[in-house]
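Engineer: Structure file structure_1.cif, mmCIF, C-alpha atoms and all ligand atoms, is pasted below:
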```cif
data_start
#
loop_
_atom_site.label_atom_id
_atom_site.label_comp_id
_atom_site.auth_asym_id
_atom_site.auth_seq_id
_atom_site.Cartn_x
_atom_site.Cartn_y
_atom_site.Cartn_z
CA MET A 188 -110.05 121.14 -70.98
CA LYS A 189 -110.16 119.19 -74.22
CA LEU A 190 -111.86 115.87 -73.72
CA ALA A 191 -111.37 112.83 -75.91
CA GLY A 192 -113.98 112.70 -78.65
CA ARG A 193 -115.42 109.45 -77.35
CA MET A 194 -116.70 111.22 -74.22
CA SER A 195 -119.38 112.95 -76.30
CA ARG A 196 -120.76 109.51 -77.14
CA LEU A 197 -121.07 108.32 -73.56
CA GLY A 198 -124.63 108.29 -72.24
CA THR A 199 -125.82 107.97 -68.66
CA GLU A 200 -128.47 106.58 -66.37
CA THR A 201 -131.03 109.28 -65.64
CA ALA A 202 -132.11 107.53 -62.45
CA PHE A 203 -129.07 108.92 -60.65
CA GLU A 204 -129.78 112.46 -61.91
CA VAL A 205 -133.43 112.33 -60.87
CA LEU A 206 -132.42 110.95 -57.48
CA ALA A 207 -130.08 113.94 -57.02
CA ARG A 208 -132.88 116.38 -57.95
CA ALA A 209 -135.30 114.65 -55.60
CA ARG A 210 -132.74 114.82 -52.78
CA ALA A 211 -132.24 118.54 -53.46
CA LEU A 212 -136.01 119.08 -53.11
CA GLU A 213 -136.00 117.08 -49.87
CA ALA A 214 -133.16 119.22 -48.56
CA LYS A 215 -135.47 122.23 -49.06
CA GLY A 216 -138.15 120.53 -46.94
CA HIS A 217 -140.27 118.89 -49.67
CA ASP A 218 -141.65 115.38 -49.20
CA VAL A 219 -140.79 113.11 -52.15
CA VAL A 220 -141.91 109.53 -52.81
CA HIS A 221 -139.07 107.75 -54.59
CA LEU A 222 -140.18 105.59 -57.48
CA GLU A 223 -137.16 106.39 -59.65
CA ILE A 224 -134.35 104.21 -58.47
CA GLY A 225 -134.04 100.57 -59.44
CA GLU A 226 -133.03 98.84 -56.27
CA PRO A 227 -134.83 96.60 -53.79
CA ASP A 228 -135.78 98.45 -50.60
CA PHE A 229 -135.05 95.32 -48.54
CA ASP A 230 -132.00 94.70 -46.38
CA THR A 231 -129.36 92.26 -47.57
CA PRO A 232 -130.21 88.90 -45.89
CA ALA A 233 -128.60 88.73 -42.43
CA HIS A 234 -126.59 85.56 -43.12
CA VAL A 235 -124.99 87.28 -46.13
CA VAL A 236 -124.05 90.35 -44.06
CA ASP A 237 -122.63 88.04 -41.36
CA ALA A 238 -120.51 86.23 -43.95
CA GLY A 239 -119.16 89.55 -45.26
CA VAL A 240 -118.28 90.74 -41.75
CA ALA A 241 -116.69 87.38 -40.86
CA ALA A 242 -114.65 87.52 -44.07
CA LEU A 243 -113.39 91.00 -43.18
CA ARG A 244 -112.43 89.79 -39.70
CA SER A 245 -110.65 86.72 -41.02
CA GLY A 246 -108.43 88.61 -43.41
CA TYR A 247 -110.22 88.61 -46.79
CA THR A 248 -108.86 92.09 -47.22
CA HIS A 249 -106.35 91.57 -50.03
CA TYR A 250 -106.51 91.38 -53.83
CA SER A 251 -108.07 88.32 -55.38
CA PRO A 252 -107.44 86.83 -58.83
CA SER A 253 -109.07 89.14 -61.43
CA PRO A 254 -111.86 86.73 -62.47
CA GLY A 255 -112.75 86.03 -58.83
CA ILE A 256 -111.94 83.73 -55.90
CA PRO A 257 -112.17 80.06 -56.87
CA GLU A 258 -114.90 79.25 -54.31
CA LEU A 259 -117.19 81.96 -55.66
CA ARG A 260 -116.59 81.09 -59.33
CA SER A 261 -117.38 77.50 -58.42
CA ALA A 262 -120.54 78.43 -56.45
CA ILE A 263 -121.75 80.61 -59.34
CA ALA A 264 -121.13 77.83 -61.89
CA THR A 265 -123.09 75.33 -59.77
CA PHE A 266 -125.92 77.62 -58.72
CA SER A 267 -126.44 79.36 -62.07
CA GLY A 268 -126.17 76.07 -63.93
CA LYS A 269 -128.82 74.44 -61.73
CA LYS A 270 -131.16 77.40 -62.14
CA ARG A 271 -130.93 77.22 -65.94
CA GLY A 272 -130.69 73.44 -66.37
CA LEU A 273 -127.13 73.71 -67.71
CA THR A 274 -123.64 72.67 -66.69
CA PHE A 275 -121.11 75.48 -66.35
CA SER A 276 -117.48 75.21 -65.32
CA PRO A 277 -115.97 77.71 -62.86
CA GLU A 278 -113.54 78.69 -65.64
CA GLN A 279 -116.47 80.23 -67.56
CA VAL A 280 -117.20 82.70 -64.75
CA VAL A 281 -115.80 86.24 -64.34
CA VAL A 282 -116.82 88.09 -61.16
CA THR A 283 -117.06 91.89 -61.41
CA PRO A 284 -118.03 94.82 -59.14
CA GLY A 285 -121.72 94.72 -60.20
CA GLY A 286 -123.24 93.28 -63.33
CA LYS A 287 -122.78 96.58 -65.18
CA PRO A 288 -119.04 96.16 -65.83
CA ILE A 289 -119.85 93.01 -67.81
CA MET A 290 -121.67 95.24 -70.34
CA PHE A 291 -118.68 97.55 -70.46
CA TYR A 292 -116.14 94.76 -70.91
CA VAL A 293 -118.16 92.73 -73.41
CA MET A 294 -118.62 95.76 -75.61
CA LEU A 295 -114.92 96.67 -75.38
CA ALA A 296 -113.92 93.08 -76.14
CA LEU A 297 -116.33 92.38 -79.01
CA ALA A 298 -117.51 95.52 -80.78
CA GLU A 299 -115.60 98.07 -82.82
CA PRO A 300 -116.29 100.78 -85.40
CA GLY A 301 -118.15 99.25 -88.34
CA ASP A 302 -119.84 96.63 -86.17
CA GLU A 303 -123.54 96.74 -85.40
CA VAL A 304 -125.07 95.80 -82.07
CA ILE A 305 -128.81 95.19 -81.74
CA TYR A 306 -130.29 96.17 -78.38
CA PRO A 307 -133.77 96.57 -76.85
CA ASN A 308 -135.33 100.05 -76.87
CA PRO A 309 -136.71 101.08 -74.43
CA GLY A 310 -133.95 99.29 -72.54
CA PHE A 311 -131.29 99.67 -69.89
CA PRO A 312 -129.57 102.91 -71.03
CA ILE A 313 -126.04 101.65 -70.57
CA TYR A 314 -126.35 99.27 -73.54
CA GLU A 315 -126.82 102.09 -76.02
CA SER A 316 -124.28 104.25 -74.22
CA MET A 317 -121.56 101.60 -74.35
CA ILE A 318 -122.26 100.60 -77.96
CA ASN A 319 -121.82 104.26 -78.97
CA PHE A 320 -118.80 104.70 -76.72
CA VAL A 321 -116.83 101.93 -78.43
CA GLY A 322 -117.75 103.43 -81.81
CA ALA A 323 -120.05 100.64 -82.98
CA LYS A 324 -123.50 101.30 -84.45
CA ALA A 325 -126.41 100.97 -82.01
CA VAL A 326 -129.37 99.32 -83.75
CA PRO A 327 -132.54 99.50 -81.64
CA THR A 328 -135.14 96.75 -81.64
CA PRO A 329 -138.34 98.46 -80.46
CA LEU A 330 -140.39 96.98 -77.61
CA ARG A 331 -144.10 97.73 -77.83
CA GLU A 332 -146.90 97.56 -75.35
CA GLU A 333 -149.17 95.60 -77.71
CA ARG A 334 -146.61 92.75 -77.61
CA GLU A 335 -146.36 93.02 -73.82
CA PHE A 336 -142.99 94.68 -74.43
CA ARG A 337 -141.49 91.49 -75.91
CA LEU A 338 -139.31 92.21 -78.91
CA ASP A 339 -140.77 91.28 -82.29
CA VAL A 340 -138.51 88.50 -83.57
CA GLU A 341 -139.41 89.08 -87.22
CA GLU A 342 -138.46 92.71 -86.84
CA LEU A 343 -135.24 91.65 -85.13
CA GLU A 344 -134.45 89.41 -88.11
CA SER A 345 -134.94 92.36 -90.48
CA LEU A 346 -132.31 94.34 -88.52
CA ILE A 347 -129.57 91.72 -88.92
CA THR A 348 -126.87 92.58 -91.46
CA PRO A 349 -123.47 91.03 -92.24
CA ARG A 350 -122.04 93.58 -89.78
CA THR A 351 -124.19 92.51 -86.81
CA ARG A 352 -121.73 91.41 -84.16
CA LEU A 353 -123.86 91.15 -81.05
CA ILE A 354 -127.50 90.97 -79.98
CA ILE A 355 -128.41 92.11 -76.47
CA ILE A 356 -131.51 90.72 -74.82
CA ASN A 357 -132.84 91.35 -71.32
CA SER A 358 -135.58 89.27 -69.71
CA PRO A 359 -137.21 90.03 -67.29
CA GLN A 360 -136.74 93.50 -68.65
CA ASN A 361 -135.89 96.91 -67.31
CA PRO A 362 -137.79 99.27 -67.75
CA THR A 363 -140.97 97.49 -68.89
CA GLY A 364 -141.12 94.34 -66.73
CA GLY A 365 -141.64 92.39 -69.98
CA VAL A 366 -140.59 88.74 -70.15
CA LEU A 367 -139.62 86.96 -73.36
CA GLU A 368 -141.48 83.73 -74.11
CA ARG A 369 -139.64 80.47 -74.69
CA SER A 370 -140.64 80.57 -78.38
CA ASP A 371 -139.21 84.11 -78.78
CA ILE A 372 -135.93 83.07 -77.19
CA HIS A 373 -135.73 79.89 -79.29
CA ARG A 374 -136.15 81.92 -82.49
CA ILE A 375 -133.54 84.50 -81.41
CA ALA A 376 -131.15 81.60 -80.76
CA GLU A 377 -131.79 80.19 -84.25
CA LEU A 378 -131.05 83.58 -85.79
CA ALA A 379 -127.85 83.97 -83.76
CA VAL A 380 -126.59 80.56 -84.88
CA GLN A 381 -127.64 81.06 -88.51
CA HIS A 382 -125.91 84.46 -88.77
CA ASP A 383 -122.99 83.66 -86.44
CA ILE A 384 -123.79 86.42 -83.94
CA MET A 385 -122.86 86.57 -80.24
CA VAL A 386 -125.62 87.18 -77.70
CA MET A 387 -125.34 89.01 -74.39
CA THR A 388 -128.32 88.00 -72.27
CA ASP A 389 -128.91 90.23 -69.27
CA GLU A 390 -130.63 87.96 -66.76
CA ILE A 391 -130.12 90.10 -63.68
CA TYR A 392 -133.87 89.98 -62.88
CA CYS A 393 -134.20 86.22 -63.42
CA ASP A 394 -135.30 85.59 -59.83
CA ILE A 395 -137.93 88.33 -59.91
CA LEU A 396 -140.45 86.52 -62.06
CA TYR A 397 -144.16 86.30 -61.22
CA GLU A 398 -145.19 83.40 -63.42
CA GLY A 399 -143.47 80.53 -65.22
CA GLU A 400 -139.84 79.48 -65.19
CA HIS A 401 -136.85 81.54 -66.22
CA VAL A 402 -135.61 80.49 -69.68
CA SER A 403 -132.02 81.31 -70.67
CA ILE A 404 -131.02 81.54 -74.32
CA ALA A 405 -127.88 79.62 -73.35
CA THR A 406 -130.01 76.44 -73.19
CA PHE A 407 -130.73 76.34 -76.93
CA PRO A 408 -128.62 74.33 -79.42
CA GLY A 409 -125.47 76.06 -80.60
CA MET A 410 -125.74 78.83 -78.00
CA ALA A 411 -123.18 77.65 -75.42
CA GLU A 412 -120.32 78.98 -77.52
CA ARG A 413 -121.96 82.29 -78.38
CA THR A 414 -123.71 83.40 -75.17
CA ILE A 415 -122.57 85.72 -72.43
CA ILE A 416 -124.92 85.61 -69.45
CA LEU A 417 -124.92 88.72 -67.28
CA ASP A 418 -126.22 88.15 -63.76
CA GLY A 419 -125.44 89.35 -60.27
CA PHE A 420 -126.36 89.86 -56.66
CA SER A 421 -127.75 93.42 -56.70
CA LYS A 422 -131.40 92.61 -57.33
CA SER A 423 -131.92 89.02 -56.08
CA TYR A 424 -130.18 89.57 -52.74
CA ALA A 425 -130.75 93.31 -52.32
CA MET A 426 -126.98 93.89 -52.57
CA THR A 427 -126.79 96.93 -54.88
CA GLY A 428 -124.26 98.76 -52.71
CA TRP A 429 -121.96 95.78 -52.28
CA ARG A 430 -121.17 95.92 -56.02
CA MET A 431 -120.95 92.34 -57.23
CA GLY A 432 -122.09 90.66 -60.42
CA TYR A 433 -120.71 88.23 -62.94
CA GLY A 434 -120.58 87.03 -66.50
CA ILE A 435 -120.77 83.40 -67.61
CA MET A 436 -119.24 83.04 -71.05
CA PRO A 437 -117.35 80.73 -73.40
CA THR A 438 -113.95 79.98 -71.81
CA SER A 439 -112.21 81.42 -74.89
CA LEU A 440 -113.54 84.88 -73.98
CA VAL A 441 -112.54 84.69 -70.30
CA PRO A 442 -108.86 85.74 -70.67
CA SER A 443 -109.88 88.92 -72.53
CA ILE A 444 -112.58 89.87 -70.04
CA SER A 445 -110.25 89.07 -67.11
CA ARG A 446 -107.59 91.26 -68.63
CA LEU A 447 -110.08 94.13 -68.83
CA VAL A 448 -110.79 93.53 -65.11
CA THR A 449 -107.05 93.61 -64.37
CA ASN A 450 -106.69 96.85 -66.34
CA SER A 451 -109.61 98.60 -64.68
CA VAL A 452 -110.46 97.45 -61.14
CA SER A 453 -107.99 94.56 -60.53
CA CYS A 454 -110.69 92.46 -58.86
CA THR A 455 -113.97 92.57 -56.96
CA ALA A 456 -113.60 93.25 -53.20
CA THR A 457 -112.53 89.94 -51.72
CA PHE A 458 -114.72 89.96 -48.58
CA VAL A 459 -117.68 90.86 -50.78
CA GLN A 460 -116.99 87.76 -52.84
CA ARG A 461 -117.10 85.65 -49.65
CA ALA A 462 -120.52 87.15 -48.91
CA GLY A 463 -121.51 86.11 -52.43
CA VAL A 464 -120.69 82.47 -51.65
CA ALA A 465 -122.98 82.70 -48.59
CA ALA A 466 -125.76 84.25 -50.69
CA LEU A 467 -125.69 81.42 -53.22
CA GLU A 468 -125.12 78.54 -50.83
CA GLY A 469 -127.41 79.73 -48.01
CA SER A 470 -131.21 79.82 -47.73
CA GLN A 471 -133.06 81.30 -50.71
CA GLU A 472 -136.07 82.07 -48.47
CA PRO A 473 -135.33 85.82 -48.32
CA VAL A 474 -135.36 85.97 -52.14
CA LEU A 475 -138.73 84.20 -52.33
CA ALA A 476 -140.19 86.41 -49.59
CA MET A 477 -139.02 89.54 -51.40
CA VAL A 478 -140.61 88.39 -54.67
CA GLU A 479 -143.91 87.69 -52.89
CA GLU A 480 -143.89 91.20 -51.43
CA PHE A 481 -143.13 92.63 -54.91
CA ARG A 482 -146.09 90.64 -56.23
CA ARG A 483 -148.43 92.34 -53.73
CA ARG A 484 -147.06 95.76 -54.58
CA ARG A 485 -147.34 95.09 -58.30
CA ALA A 486 -151.09 94.57 -57.88
CA VAL A 487 -151.43 97.80 -55.87
CA ILE A 488 -149.56 99.95 -58.36
CA VAL A 489 -151.07 98.47 -61.54
CA ASP A 490 -154.64 98.73 -60.21
CA GLY A 491 -154.00 102.20 -58.82
CA LEU A 492 -152.55 103.54 -62.07
CA ASN A 493 -155.33 102.04 -64.19
CA ALA A 494 -157.87 103.77 -61.93
CA ILE A 495 -156.45 107.19 -62.87
CA PRO A 496 -158.27 108.60 -65.94
CA GLY A 497 -155.85 108.99 -68.87
CA ILE A 498 -153.26 106.49 -67.60
CA ARG A 499 -153.02 102.89 -68.78
CA CYS A 500 -150.73 100.33 -67.19
CA ALA A 501 -149.97 96.79 -68.37
CA MET A 502 -149.31 94.03 -65.82
CA PRO A 503 -145.58 93.26 -65.92
CA LYS A 504 -144.48 89.64 -65.62
CA GLY A 505 -141.10 90.27 -64.01
CA ALA A 506 -138.66 92.74 -62.37
CA PHE A 507 -140.05 95.50 -60.10
CA TYR A 508 -141.03 98.16 -62.60
CA VAL A 509 -144.24 99.27 -64.27
CA PHE A 510 -144.23 101.18 -67.54
CA PRO A 511 -147.56 103.03 -67.76
CA TYR A 512 -148.71 104.95 -70.83
CA VAL A 513 -149.16 108.65 -70.05
CA GLY A 514 -148.97 109.95 -73.63
CA GLY A 515 -152.58 111.15 -73.72
CA LEU A 516 -152.14 113.75 -70.98
CA GLY A 517 -150.93 116.53 -73.25
CA MET A 518 -147.26 116.61 -72.26
CA ASP A 519 -144.25 114.66 -73.44
CA CYS A 520 -143.16 112.10 -70.89
CA ARG A 521 -140.09 113.99 -69.69
CA LYS A 522 -142.18 117.10 -68.96
CA PHE A 523 -144.75 114.93 -67.20
CA ALA A 524 -142.05 113.28 -65.05
CA ASP A 525 -140.69 116.75 -64.15
CA TYR A 526 -144.22 117.94 -63.37
CA LEU A 527 -144.83 114.99 -61.04
CA LEU A 528 -141.58 115.59 -59.20
CA GLU A 529 -141.92 119.35 -58.86
CA GLU A 530 -145.68 119.70 -58.34
CA VAL A 531 -146.60 116.70 -56.22
CA GLY A 532 -143.30 115.17 -55.05
CA VAL A 533 -143.31 111.86 -56.92
CA ALA A 534 -139.98 110.91 -58.50
CA THR A 535 -140.33 108.79 -61.64
CA LEU A 536 -138.36 108.38 -64.84
CA ALA A 537 -139.43 109.39 -68.33
CA GLY A 538 -139.74 106.46 -70.74
CA THR A 539 -137.28 108.26 -73.03
CA SER A 540 -134.58 107.82 -70.36
CA PHE A 541 -134.53 104.28 -71.76
CA GLY A 542 -134.40 105.25 -75.43
CA ALA A 543 -136.49 107.03 -78.03
CA HIS A 544 -139.06 104.23 -78.18
CA GLY A 545 -140.00 104.95 -74.56
CA GLU A 546 -141.83 108.18 -75.54
CA GLY A 547 -145.29 108.37 -74.00
CA TYR A 548 -144.39 106.21 -71.00
CA LEU A 549 -143.04 106.54 -67.47
CA ARG A 550 -141.02 104.02 -65.49
CA LEU A 551 -142.03 103.60 -61.88
CA SER A 552 -140.15 101.29 -59.56
CA TYR A 553 -142.40 99.60 -57.01
CA ALA A 554 -139.48 98.75 -54.74
CA ASN A 555 -141.15 100.86 -52.08
CA SER A 556 -143.66 100.21 -49.28
CA ILE A 557 -147.35 99.78 -50.07
CA ALA A 558 -148.06 102.88 -47.95
CA ASN A 559 -145.67 104.94 -50.08
CA LEU A 560 -147.06 103.47 -53.30
CA GLN A 561 -150.55 104.51 -52.20
CA LYS A 562 -149.31 107.97 -51.32
CA ALA A 563 -147.67 108.27 -54.76
CA LEU A 564 -150.83 107.04 -56.51
CA SER A 565 -153.06 109.59 -54.83
CA ARG A 566 -150.55 112.35 -55.65
CA ILE A 567 -150.38 111.30 -59.32
CA ASP A 568 -154.19 111.20 -59.42
CA GLU A 569 -154.29 114.73 -58.01
CA ALA A 570 -151.63 115.93 -60.50
CA VAL A 571 -153.57 114.49 -63.44
CA ARG A 572 -156.82 116.12 -62.21
CA ARG A 573 -155.07 119.51 -62.08
CA LEU A 574 -154.23 119.15 -65.78
CA ARG A 575 -157.90 119.00 -66.81
N1 LIG B 601 -128.91 95.08 -66.01
C1 LIG B 601 -130.09 95.68 -65.82
C2 LIG B 601 -131.17 95.44 -66.80
C3 LIG B 601 -130.27 96.54 -64.74
O1 LIG B 601 -131.46 97.12 -64.57
C4 LIG B 601 -129.19 96.76 -63.86
C5 LIG B 601 -129.32 97.71 -62.73
O2 LIG B 601 -130.18 98.52 -62.63
C6 LIG B 601 -127.98 96.11 -64.10
C7 LIG B 601 -127.88 95.27 -65.17
C8 LIG B 601 -126.76 96.34 -63.27
O3 LIG B 601 -126.84 96.04 -61.97
P1 LIG B 601 -125.57 96.03 -61.01
O4 LIG B 601 -124.43 96.65 -61.70
O5 LIG B 601 -125.99 96.75 -59.78
O6 LIG B 601 -125.30 94.58 -60.73
#
```
Could you write out this file's structure as structure tokens?
Structural biologist:
Amino acid sequence: MKLAGRMSRLGTETAFEVLARARALEAKGHDVVHLEIGEPDFDTPAHVVDAGVAALRSGYTHYSPSPGIPELRSAIATFSGKKRGLTFSPEQVVVTPGGKPIMFYVMLALAEPGDEVIYPNPGFPIYESMINFVGAKAVPTPLREEREFRLDVEELESLITPRTRLIIINSPQNPTGGVLERSDIHRIAELAVQHDIMVMTDEIYCDILYEGEHVSIATFPGMAERTIILDGFSKSYAMTGWRMGYGIMPTSLVPSISRLVTNSVSCTATFVQRAGVAALEGSQEPVLAMVEEFRRRRAVIVDGLNAIPGIRCAMPKGAFYVFPYVGGLGMDCRKFADYLLEEVGVATLAGTSFGAHGEGYLRLSYANSIANLQKALSRIDEAVRRLR
């Protein structure tokens, strides 16, 4: 079969491939600790599940308007505005099946061949994939451990050209757990205004923050009209399988993004949207409890990794990932990730799954029980000892 040329430019998310390999090993009787997949291991809060079931029973089983049901768009505008100290109108909100489609639609709507898009590297792999897919030029801004994986704003400035159409930022960040400081974000905003560039800010981990307050670039002068916020329910409410996220954007962009929704999925499942209203308007206690548990696990995994000779692990400030340096162990990071999976049954991701600048690192998700994290740590320790 002859595929369209653009298919050769489409990347992927290795997490799903590693998960499949780990499952295949399990099917053969191996025991695997899963630190590869980026989803909370908690249940969706009960009141949210109840609202979804009640919505199904009361007939929320039909199409909804493409940008979402009015009550959810309104709840998102209120809740997200309050969280960021801003005022949003419901007309700025487009609800999608997960936050991921927002990346897809924003790239389709804004970037074309000849345009340049600056994105974090290592970073969520779908940014680079989608930039390439639409035929734009992907311009990486490297994240380095010595800057706690915050992008270097001076370096970012040097990457801007007259063709730069969009800057993507992500804080708290996947895969590093890095968090941009207010001063970094302020300077990025100044650059965006000065050079007339749009910004897509992926804030999907904004609730999973271990110190300080979440700062959105949308709060800085001149940014309201050039910011697309990507957020969603997957991480904060442990709702990955429900598939629901959203974009908050200038109202002038909403018709285009809504039309992309109409052309692709029509709408987000209507009963799921009702559950979303319950998530935002109900108790936030489950979110806080989950973050506190992640905080305990973060200490276990960071201390445990740093105790293994040859591994160095920085303390992440947000999300539920660590990004330890394993580059001194004599193998490239992909080989080391394969070795850990095959030899000792620990599934992790190579840093290069998140871009070339991830070489030398692994991403481990600590969305797993402390007992499993300890099991994984002692297996990694054993695997490293065998290499000596
Ligand atoms: N953005 C980042 C940085 C992510 O890590 C993820 C999921 O892993 C997403 C967006 C998309 O999440 P979802 O489509 O499940 O809402």
Engineer: So which residues touch region 488-493 of chain A within 8 Å, counting only C-alpha atoms, skipping near sequence neighbours fewer than 6 positions away, as JSON, numbers by chain?
Structural biologist: {"A": [499, 500, 501, 502, 509, 511, 553, 560, 561, 564]}
Engineer: Per residue of chain A within 7 Å of ligand LIG 601 (chain B), note the shortest atom pair and the distance in Å to one decimal, counting all atoms listed in the file, and order the rows by chain and increasing residue number, as a Markdown table.
Structural biologist:
```
| residue | atom | partner | partner_atom | distance |
| --- | --- | --- | --- | --- |
| A:Gly225 | CA | B:LIG601 | O2 | 5.4 |
| A:Glu226 | CA | B:LIG601 | O2 | 7.0 |
| A:Gly285 | CA | B:LIG601 | O6 | 3.6 |
| A:Gly286 | CA | B:LIG601 | O6 | 3.6 |
| A:Lys287 | CA | B:LIG601 | O4 | 3.9 |
| A:Pro288 | CA | B:LIG601 | O4 | 6.8 |
| A:Phe311 | CA | B:LIG601 | C2 | 5.2 |
| A:Asn357 | CA | B:LIG601 | C2 | 6.3 |
| A:Gln360 | CA | B:LIG601 | C2 | 6.2 |
| A:Asn361 | CA | B:LIG601 | C2 | 5.0 |
| A:Asp389 | CA | B:LIG601 | N1 | 5.8 |
| A:Ile391 | CA | B:LIG601 | N1 | 5.6 |
| A:Gly419 | CA | B:LIG601 | O6 | 5.3 |
| A:Phe420 | CA | B:LIG601 | O6 | 6.3 |
| A:Ser421 | CA | B:LIG601 | O6 | 4.9 |
| A:Thr427 | CA | B:LIG601 | O5 | 5.0 |
| A:Arg430 | CA | B:LIG601 | O5 | 6.2 |
| A:Met431 | CA | B:LIG601 | O6 | 6.0 |
| A:Gly432 | CA | B:LIG601 | O6 | 5.1 |
```
Engineer: So how far away is CA of Val235 (chain A) from CA of Trp429 (chain A), in Å?
Structural biologist: 10.9 Å
Engineer: When you look at region 459-465 of chain A with a cut-off of 6 Å (counting only C-alpha atoms), what residues show up, excluding the ones that are within fewer than 6 positions of it in the same chain? I need them as a PyMOL selection string.
Structural biologist: chain A and resi 235+238-239+259
Engineer: Which residues come within 12 Å of region 468-478 of chain A, counting only C-alpha atoms, excluding same-chain residues fewer than 4 positions away, as a tab-separated table (two decimals) with C-alpha atoms, keeping the file's coordinate frame?
Structural biologist:
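This is the output file out_5.tsv:
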```
chain	number	residue	atom	x	y	z
A	227	PRO	CA	-134.83	96.60	-53.79
A	228	ASP	CA	-135.78	98.45	-50.60
A	229	PHE	CA	-135.05	95.32	-48.54
A	230	ASP	CA	-132.00	94.70	-46.38
A	231	THR	CA	-129.36	92.26	-47.57
A	232	PRO	CA	-130.21	88.90	-45.89
A	233	ALA	CA	-128.60	88.73	-42.43
A	234	HIS	CA	-126.59	85.56	-43.12
A	235	VAL	CA	-124.99	87.28	-46.13
A	236	VAL	CA	-124.05	90.35	-44.06
A	237	ASP	CA	-122.63	88.04	-41.36
A	238	ALA	CA	-120.51	86.23	-43.95
A	258	GLU	CA	-114.90	79.25	-54.31
A	259	LEU	CA	-117.19	81.96	-55.66
A	261	SER	CA	-117.38	77.50	-58.42
A	262	ALA	CA	-120.54	78.43	-56.45
A	263	ILE	CA	-121.75	80.61	-59.34
A	264	ALA	CA	-121.13	77.83	-61.89
A	265	THR	CA	-123.09	75.33	-59.77
A	266	PHE	CA	-125.92	77.62	-58.72
A	267	SER	CA	-126.44	79.36	-62.07
A	392	TYR	CA	-133.87	89.98	-62.88
A	393	CYS	CA	-134.20	86.22	-63.42
A	394	ASP	CA	-135.30	85.59	-59.83
A	395	ILE	CA	-137.93	88.33	-59.91
A	396	LEU	CA	-140.45	86.52	-62.06
A	397	TYR	CA	-144.16	86.30	-61.22
A	398	GLU	CA	-145.19	83.40	-63.42
A	420	PHE	CA	-126.36	89.86	-56.66
A	421	SER	CA	-127.75	93.42	-56.70
A	422	LYS	CA	-131.40	92.61	-57.33
A	423	SER	CA	-131.92	89.02	-56.08
A	424	TYR	CA	-130.18	89.57	-52.74
A	425	ALA	CA	-130.75	93.31	-52.32
A	426	MET	CA	-126.98	93.89	-52.57
A	461	ARG	CA	-117.10	85.65	-49.65
A	462	ALA	CA	-120.52	87.15	-48.91
A	463	GLY	CA	-121.51	86.11	-52.43
A	464	VAL	CA	-120.69	82.47	-51.65
A	482	ARG	CA	-146.09	90.64	-56.23
A	483	ARG	CA	-148.43	92.34	-53.73
A	484	ARG	CA	-147.06	95.76	-54.58
A	485	ARG	CA	-147.34	95.09	-58.30
A	504	LYS	CA	-144.48	89.64	-65.62
A	505	GLY	CA	-141.10	90.27	-64.01
A	506	ALA	CA	-138.66	92.74	-62.37
A	507	PHE	CA	-140.05	95.50	-60.10
A	553	TYR	CA	-142.40	99.60	-57.01
A	554	ALA	CA	-139.48	98.75	-54.74
A	555	ASN	CA	-141.15	100.86	-52.08
A	556	SER	CA	-143.66	100.21	-49.28
```
Engineer: Suppose you want the space between CA of Pro277 (chain A) and CA of Ser445 (chain A); what is it in Å?
Structural biologist: 13.4 Å
Engineer: Considering only C-alpha atoms, state which residue in the set A:Ala558, A:Ile495, A:Leu297, A:Ala202 is at the smallest distance from Thr539 (chain A).
Structural biologist: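 When distances to Thr539 (chain A) are compared using only C-alpha atoms, the smallest one comes from A:Ala202.
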Engineer: Between CA of Arg337 (chain A) and CA of Gly365 (chain A), what distance in Å does the model show, to one decimal?
Structural biologist: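 Taking CA of Arg337 (chain A) as the start and CA of Gly365 (chain A) as the end point, the length is 6.0 Å.
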Engineer: List every protein, DNA or RNA residue that has an atom no more than 8 Å from (-133.7, 91.3, -83.1) in the file's coordinate frame, counting only C-alpha atoms, and report them as an MDAnalysis selection string.
Structural biologist: chainID A and resid 305:306 328 338:347 354 375
Engineer: The centre and edge lengths of an axis-aligned box containing all atoms of region 283-293 of chain A present in the file, extended by 4 Å on each side, are to be given in Å to one decimal, as AutoDock Vina command-line options.
Structural biologist:
```
--center_x -119.7 --center_y 94.7 --center_z -66.3 --size_x 15.1 --size_y 13.7 --size_z 22.3
```
Engineer: Would you be able to write out as number ranges by chain which residues have an atom within 12 Å of (-120.9, 75.0, -66.1) in the file's coordinates, counting all atoms listed in the file?
Structural biologist: A: 260-280, 405-406, 411, 416, 435-438
Engineer: Which of these, A:Met290, A:Ile355, A:Leu417, A:Ile224, has the shortest distance to Ala209 (chain A) once you count only C-alpha atoms?
Structural biologist: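 Among the listed residues, A:Ile224 lies closest to Ala209 (chain A).
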Engineer: With all atoms listed in the file as the basis for distance, which of A:Leu295, A:Arg575, A:Pro252, A:Thr283 is at the shortest distance from Phe320 (chain A)?
Structural biologist: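 Checking each of A:Leu295, A:Arg575, A:Pro252, A:Thr283 against Phe320 (chain A), counting all atoms listed in the file, the winner is A:Leu295.
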Engineer: Name all residues at most 8 Å from Val219 (chain A) (count only C-alpha atoms; drop same-chain ones fewer than 4 positions away) and give them as a compact mmCIF listing (two decimals) with C-alpha atoms, keeping the file's coordinate frame.
Structural biologist:
```txt
# COMPACT_ATOMS: atom_id res chain seq x y z
CA ALA A 209 -135.30 114.65 -55.60
CA LEU A 212 -136.01 119.08 -53.11
CA GLU A 213 -136.00 117.08 -49.87
CA LEU A 528 -141.58 115.59 -59.20
CA VAL A 531 -146.60 116.70 -56.22
CA GLY A 532 -143.30 115.17 -55.05
CA VAL A 533 -143.31 111.86 -56.92
CA ALA A 534 -139.98 110.91 -58.50
```
